[in-house]
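Before any comments, here is the structure.
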Amino acid sequence: MKKSFSLFILLSAIGLDASAKCIGPKDVPGLITQTYILAVVAAIAFILLAVLSANLIKFQGGSNPKDPGKRRLWFWLLGALSPIAFLLYNLLVVVPELCKGPAASKFSMHPYIGTAILLVLYIIIGLVLSKTMKRAKVGNWFPSKG
Amino acid sequence: MASSDKYFVIAIGGTGMRCLEAFTHMCAMGLFDTKEINILTLDTDAINGNKERTENLIRQYNSIKTTSNAKGGKVNTDTFFSAKLNLFSFYTDYDNSERANFKQISQIHSDPDGNNKLLADLFLDEHVQDFNLAHGYRAQTHLGSYLMYHAFIEAARSLQAGTNIKAHEKEFGEFINMVYDAGGDAKIFCFGSVFGGTGASSIPVIPKAINDAIKIRGGDKMALSPDAKFGATLLTEYFSFKKPDAAQKSKDGNAVIADSSFFTLNSQAALQFYQDDPTVKSTYKKMYHIGWPIDPLDFSKDNKDKETITGGKNQKNPCHITEFLCSCAAFDFFNSDEGLDGKDAVYLYKSVKFKDNVLNLNFNDFIGDGKNGKLFARKFGAFVSFMHLALSKNKGARGDNGVKGFLNQLKSQNIHHYNSLEDQYTSELNDYLKQFGYSIDQNAFVPGWLYQVRSTVPGKFVLDDKTYTHNLNELEKFDAGMIFTEKDYHWTGAGSFLGDSYNTFVKELLEVETEPKEEQHCSGTNEKFLAHIYNAIRDSQKIN
């Protein structure tokens with residue numbers, strides 16, 4: 001009982017300390033840069049995940065093999081997941097850290113812009129990879145009509 | 001083997017047709033690279049089941065190779081279906097009420113003095129002169145040789161006269177013209193048995209009959225080149241069938257029916273003849289002894305026929321390993337000049353260990369060991385893998401179009417070189433593979449050539465036994481990269497948890513290096529597609 005009471009006091013103190021040190025308007029430009037860098041990193045990370053999943057899907061037999069469709073599906077699933085994850089992270093983890101007022105309003109648009117950048121970047125990198133490595137499994141993401 | 005050699009195959013009778021069937025499959029495997037081979041099917045029975053099956057197989061082979069500007073395609077190098085086959089069909093016309101037996105053909109009774117009859121009686125029993133010839137010579141080789149020679153001469157006379165030429169006579173004329181044109185470069189190989197009827201009757205007279213037919217056809221200004229080289233198989237008994245009963249023999253024209261219980265005796269007599277006959281010894285260069293030390297295959301075993309099948313469309317007997325060995329003899333004859341310079345025929349054989357009723361055959365036992373053994377392993381293994389990839393992995397045996405699966409796989413990986421290939425082409429190739437391997441009809445396994453041949457070998461047949469499984473569940477999961485017992489020949493990833501052979505094969509297929517090369521001499525899209533598949537399998541196999 002004594003132990004759990006001490007832990008509660010410690011967590012409350014950290015919480016109070018965190019709210020006391022919210023991100024002010026001065027630190028917002030740095031945070032914006034960090035957000036965009038994170039968007040680029042996330043786009044690359046999700047592309048790597050898509051490459052990995054494409055390669056893990058084996059070539060299948062049959063007169064109409066289903067494996068190209070599966071790779072495409074996974075590419076677009078990860079493509080949809082990446083902006084959602086990025087936006088949720090920003091809205092649930094980063095935004096609450098901002099001091100209310102000018103700091104919050106100055107940052108408010110950037111999670112959305114970062115998300116859009118991530119999505120566009122993911123698609124562009126995917127398209128470039130798919131078109132430059134047409135014969136590889138990633139070539140299934142954007143098949144050519146021939 | 002000189003580069004100027006011209007190749008001819010003559011398949012005679014039911015056994016000869018099945019040897020030709022094996023030969024066609026060897027061509028599909030790519031074992032007769034860069035060769036154009038002219039084939040004459042020769043039978044007394046125009047509608048014989050084995051003849052029809054083999055001719056259809058060759059037509060299918062040619063259809064698979066046909067390009068927009070070359071019927072039957074062209075010769076290719078180091079690929080599947082690399083040989084070009086030209087099919088000619090000739091049959092002795094006995095399906096006619098005026099030519100149904102010896103007496104009618106010879107017009108014995110046209111001689112008022114009866115001398116013809118007396119002469120015929122010297123050589124032939126009365127019932128031999130009377131039996132219906134539509135289903136062949138029924139093991140009466142003395143009569144058969146005479147009549148087959150007569151058929152050649154009759155056709156040549158008809159061609160020379162130039163009137164009322166029948167289609168099969170025309171094809172015969174084209175064939176002998178090609179033999180004549182080839183001159184001393186002609187290498188002519190005959191397939192047939194020595195113990196039965198049509199083949200046994202024809203093999204001894206073929207060189208002389210062709211020569212005399214060319215002479216007649218050319219009005220005595222033409223002749224077969226003395227440097228033309230003949231080879232043949234001396235295939236002794238290896239199958240049996242239901243013994244004819246008295247009731248069947250009592251029917252009109254059926255007094256003589258081949259009895260397989262005499263096949264051993266027939267074989268012995270024939271071998272004595274081939275050993276001594278001066279005409280055979282001087283006209284043939286190489287003769288290949290092929291025998292079967294094990295109990296003969298009973299063709300009537302699973303049939304419910306009440307009577308002995310003497311021929312006709314019902315004679316569709318399964319294939320046997322000895323027929324495959326005959327086609328391997330043709331490989332040797334066409335690819336080796338050793339022993340062709342002699343005056344007399346050379347008799348060849350190769351023995352295989354048979355102990356405790358087990359006969360194990362490996363890839364060194366067919367067309368030679370060393371380099372040839374590896375060649376056989378590569379080509380035979382590649383075609384069997386191709387068959388399993390298309391039929392087992394891509395479900396081509398279950399009604400799906402397995403070959404189209406490769407095409408669609410290439411398309412989905414953005415390789416569009418073969419988009420112009422139509423469904424009819426992939427379907428024909430798939431059907432060919434079914435005839436080679438197996439098919440599944442209403443959930444029942446139907447063996448094709450390979451499985452029929454395998455079932456006649458009491459031991460190992462080149463590849464791992466699992467390769468020949470009949471179990472439908474095992475076939476569905478079969479790994480085409482693990483057909484050899486030699487682990488060095490297993491494909492990368494074969495049998496592993498993460499990868500599989502099909503993955504390896506498709507990866508190879510997508511490599512630029514496996515695209516058809518100029519030196520493979522493939523002109524049509526269909527030939528290029530086959531070469532691409534072949535290259536991918538060859539690179540997956542790693543048999544050097």
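FYI, nothing fancy with the structure tokens labels: chains A, B, ... in order, residues from 1 per chain, ligands from 1 as they appear.
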
Inset, instruction - Give as a PyMOL selection string every residue of chain A that touches chain B within 10 Å, counting only C-alpha atoms. - result: chain A and resi 56-69+131+133-146

Please provide the set of residues having any atom within 12 Å of A:Leu91, restricted to only C-alpha atoms, with same-chain residues fewer than 6 positions apart removed, written as a tab-separated table (two decimals) with N, CA and C atoms, in the first residue's frame.
```tsv
chain	number	residue	atom	x	y	z
A	35	THR	N	8.74	17.40	-37.39
A	35	THR	CA	7.55	16.69	-37.91
A	35	THR	C	7.74	16.29	-39.37
A	83	PRO	N	-0.23	7.19	-43.23
A	83	PRO	CA	-0.70	8.53	-42.85
A	83	PRO	C	-1.59	8.52	-41.62
A	84	ILE	N	-2.38	7.44	-41.48
A	84	ILE	CA	-3.25	7.35	-40.29
A	84	ILE	C	-2.39	7.28	-39.03
A	85	ALA	N	-1.38	6.41	-39.07
A	85	ALA	CA	-0.50	6.25	-37.91
A	85	ALA	C	0.23	7.55	-37.60
A	97	GLU	N	1.35	18.18	-26.15
A	97	GLU	CA	2.57	18.73	-25.54
A	97	GLU	C	2.67	20.23	-25.77
A	98	LEU	N	1.88	20.72	-26.73
A	98	LEU	CA	1.96	22.16	-27.06
A	98	LEU	C	1.21	23.00	-26.04
A	104	ALA	N	-0.09	26.29	-30.15
A	104	ALA	CA	-0.98	25.24	-30.71
A	104	ALA	C	-1.54	25.65	-32.06
A	107	PHE	N	1.05	25.45	-34.86
A	107	PHE	CA	1.42	24.09	-35.28
A	107	PHE	C	0.25	23.34	-35.92
A	108	SER	N	-0.97	23.85	-35.69
A	108	SER	CA	-2.17	23.06	-35.97
A	108	SER	C	-2.25	22.46	-37.38
A	109	MET	N	-1.79	23.17	-38.41
A	109	MET	CA	-1.91	22.68	-39.79
A	109	MET	C	-0.82	21.65	-40.16
A	110	HIS	N	0.31	21.71	-39.43
A	110	HIS	CA	1.49	20.94	-39.88
A	110	HIS	C	1.36	19.42	-39.76
A	111	PRO	N	0.64	18.89	-38.77
A	111	PRO	CA	0.45	17.42	-38.80
A	111	PRO	C	-0.25	16.97	-40.08
A	112	TYR	N	-1.19	17.78	-40.53
A	112	TYR	CA	-1.92	17.41	-41.76
A	112	TYR	C	-1.03	17.53	-42.99
A	114	GLY	N	2.25	17.35	-42.98
A	114	GLY	CA	3.23	16.26	-42.85
A	114	GLY	C	2.65	14.94	-43.32
A	115	THR	N	1.37	14.73	-42.95
A	115	THR	CA	0.69	13.48	-43.36
A	115	THR	C	0.58	13.41	-44.88
```

Legend entry - Residues near B:Val280, cut-off 10 Å, only C-alpha atoms, skip fewer than 6 positions along chain, as a ChimeraX atom specification: /B:203-208,230,273-274,287,344-345

Output the selection as a compact mmCIF listing (two decimals), in the first residue's frame - all heavy atoms for each residue.
```
# COMPACT_ATOMS: atom_id res chain seq x y z
N ILE B 203 11.36 -54.41 -91.81
CA ILE B 203 12.74 -53.97 -91.57
C ILE B 203 13.73 -54.61 -92.56
O ILE B 203 14.55 -53.90 -93.16
CB ILE B 203 13.16 -54.19 -90.09
CG1 ILE B 203 12.39 -53.20 -89.20
CG2 ILE B 203 14.67 -53.98 -89.90
CD1 ILE B 203 12.63 -53.37 -87.71
N PRO B 204 13.65 -55.93 -92.81
CA PRO B 204 14.66 -56.50 -93.72
C PRO B 204 14.59 -55.95 -95.15
O PRO B 204 15.61 -55.91 -95.83
CB PRO B 204 14.33 -58.00 -93.71
CG PRO B 204 13.50 -58.23 -92.51
CD PRO B 204 12.77 -56.96 -92.26
N VAL B 205 13.40 -55.56 -95.60
CA VAL B 205 13.27 -55.17 -97.01
C VAL B 205 13.29 -53.66 -97.24
O VAL B 205 13.32 -53.22 -98.40
CB VAL B 205 11.97 -55.76 -97.64
CG1 VAL B 205 12.02 -57.27 -97.62
CG2 VAL B 205 10.71 -55.25 -96.96
N ILE B 206 13.25 -52.88 -96.19
CA ILE B 206 13.13 -51.42 -96.35
C ILE B 206 14.21 -50.82 -97.26
O ILE B 206 13.88 -50.10 -98.23
CB ILE B 206 13.09 -50.71 -94.96
CG1 ILE B 206 11.72 -50.90 -94.31
CG2 ILE B 206 13.45 -49.23 -95.05
CD1 ILE B 206 10.62 -50.03 -94.84
N PRO B 207 15.52 -51.07 -97.00
CA PRO B 207 16.51 -50.41 -97.87
C PRO B 207 16.33 -50.76 -99.35
O PRO B 207 16.38 -49.88 -100.22
CB PRO B 207 17.85 -50.93 -97.34
CG PRO B 207 17.57 -51.34 -95.94
CD PRO B 207 16.17 -51.86 -95.96
N LYS B 208 16.08 -52.03 -99.61
CA LYS B 208 15.93 -52.46 -101.00
C LYS B 208 14.63 -51.89 -101.59
O LYS B 208 14.61 -51.42 -102.74
CB LYS B 208 15.94 -53.99 -101.09
CG LYS B 208 15.83 -54.49 -102.51
CD LYS B 208 16.27 -55.92 -102.68
CE LYS B 208 15.94 -56.43 -104.08
NZ LYS B 208 16.42 -55.58 -105.17
N PHE B 230 21.69 -46.84 -93.28
CA PHE B 230 20.49 -47.34 -92.61
C PHE B 230 20.85 -47.90 -91.23
O PHE B 230 21.88 -48.55 -91.06
CB PHE B 230 19.85 -48.46 -93.44
CG PHE B 230 19.05 -47.96 -94.61
CD1 PHE B 230 19.67 -47.73 -95.83
CD2 PHE B 230 17.70 -47.72 -94.49
CE1 PHE B 230 18.95 -47.26 -96.93
CE2 PHE B 230 16.96 -47.25 -95.58
CZ PHE B 230 17.58 -47.02 -96.79
N PHE B 273 18.16 -64.86 -88.45
CA PHE B 273 18.05 -64.32 -89.81
C PHE B 273 18.92 -63.06 -89.95
O PHE B 273 19.71 -62.93 -90.88
CB PHE B 273 16.58 -64.01 -90.11
CG PHE B 273 16.38 -63.16 -91.34
CD1 PHE B 273 16.46 -63.72 -92.60
CD2 PHE B 273 16.13 -61.80 -91.22
CE1 PHE B 273 16.28 -62.93 -93.74
CE2 PHE B 273 15.96 -61.01 -92.35
CZ PHE B 273 16.03 -61.57 -93.61
N TYR B 274 18.78 -62.15 -89.00
CA TYR B 274 19.54 -60.89 -89.08
C TYR B 274 21.05 -61.12 -88.97
O TYR B 274 21.85 -60.35 -89.47
CB TYR B 274 19.09 -59.90 -87.99
CG TYR B 274 17.79 -59.23 -88.32
CD1 TYR B 274 16.61 -59.59 -87.69
CD2 TYR B 274 17.73 -58.23 -89.28
CE1 TYR B 274 15.40 -58.98 -88.00
CE2 TYR B 274 16.53 -57.61 -89.60
CZ TYR B 274 15.37 -58.00 -88.96
OH TYR B 274 14.18 -57.40 -89.29
N MET B 287 22.80 -52.03 -86.24
CA MET B 287 21.57 -52.63 -85.73
C MET B 287 21.70 -52.72 -84.21
O MET B 287 22.71 -53.16 -83.69
CB MET B 287 21.37 -54.01 -86.33
CG MET B 287 21.41 -53.97 -87.86
SD MET B 287 20.40 -55.21 -88.64
CE MET B 287 18.87 -54.38 -88.87
N ASP B 344 29.91 -54.24 -93.62
CA ASP B 344 28.81 -55.01 -93.03
C ASP B 344 28.21 -54.30 -91.82
O ASP B 344 28.85 -53.44 -91.21
CB ASP B 344 29.32 -56.39 -92.58
CG ASP B 344 29.41 -57.33 -93.76
OD1 ASP B 344 28.90 -56.96 -94.84
OD2 ASP B 344 30.00 -58.41 -93.59
N ALA B 345 27.02 -54.70 -91.50
CA ALA B 345 26.31 -54.10 -90.35
C ALA B 345 27.06 -54.38 -89.04
O ALA B 345 27.66 -55.44 -88.87
CB ALA B 345 24.91 -54.67 -90.28
```

Legend entry - Long-range neighbours of B:Arg378 as a ChimeraX atom specification, 12 Å cut-off, only C-alpha atoms, 4 positions minimum in chain: /B:29-31,78-80,363-364,371-374,382-386,462-463,483-484,489-490,534-535,537-544

Inset, instruction - Find the distance between atom CA of A:Leu31 and atom CA of A:Leu49 and write it in Å to one decimal. - result: 26.0 Å

Inset, instruction - Please return as a ChimeraX atom specification: the residues of stretch 24-143 of chain A that backbone DSSP assigns to helix (DSSP H, G or I). - result: /A:25-56,67-97,102-107,110-132,137-140

Inset, instruction - Using atom CA of B:Gly493 and atom CA of B:Asp464 as the two end points, give the distance in Å to one decimal. - result: 17.7 Å

Legend entry - Gap from atom CA of B:Gly197 to atom CA of B:Arg18 - Å, one decimal: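 Between atom CA of B:Gly197 and atom CA of B:Arg18 the gap works out to 14.7 Å.
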
Legend entry - B:Thr456, B:Ser68, B:Thr492, B:Ser202 ranked by distance to B:Leu359, top pick (using only C-alpha atoms):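 Looking only at the distances to B:Leu359, the closest residue turns out to be B:Thr456.
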
Inset, instruction - Determine the nearest neighbour of A:Pro96 from the options A:Ile123, A:Cys22, A:Leu52, A:Ala116, counting only C-alpha atoms. - result: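 Counting only C-alpha atoms, the residue closest to A:Pro96 is A:Cys22.
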
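Comparing A:Tyr122, A:Asn90, A:Leu127, A:Lys100 by their smallest distance to A:Pro25, the closest is A:Lys100 (using only C-alpha atoms).
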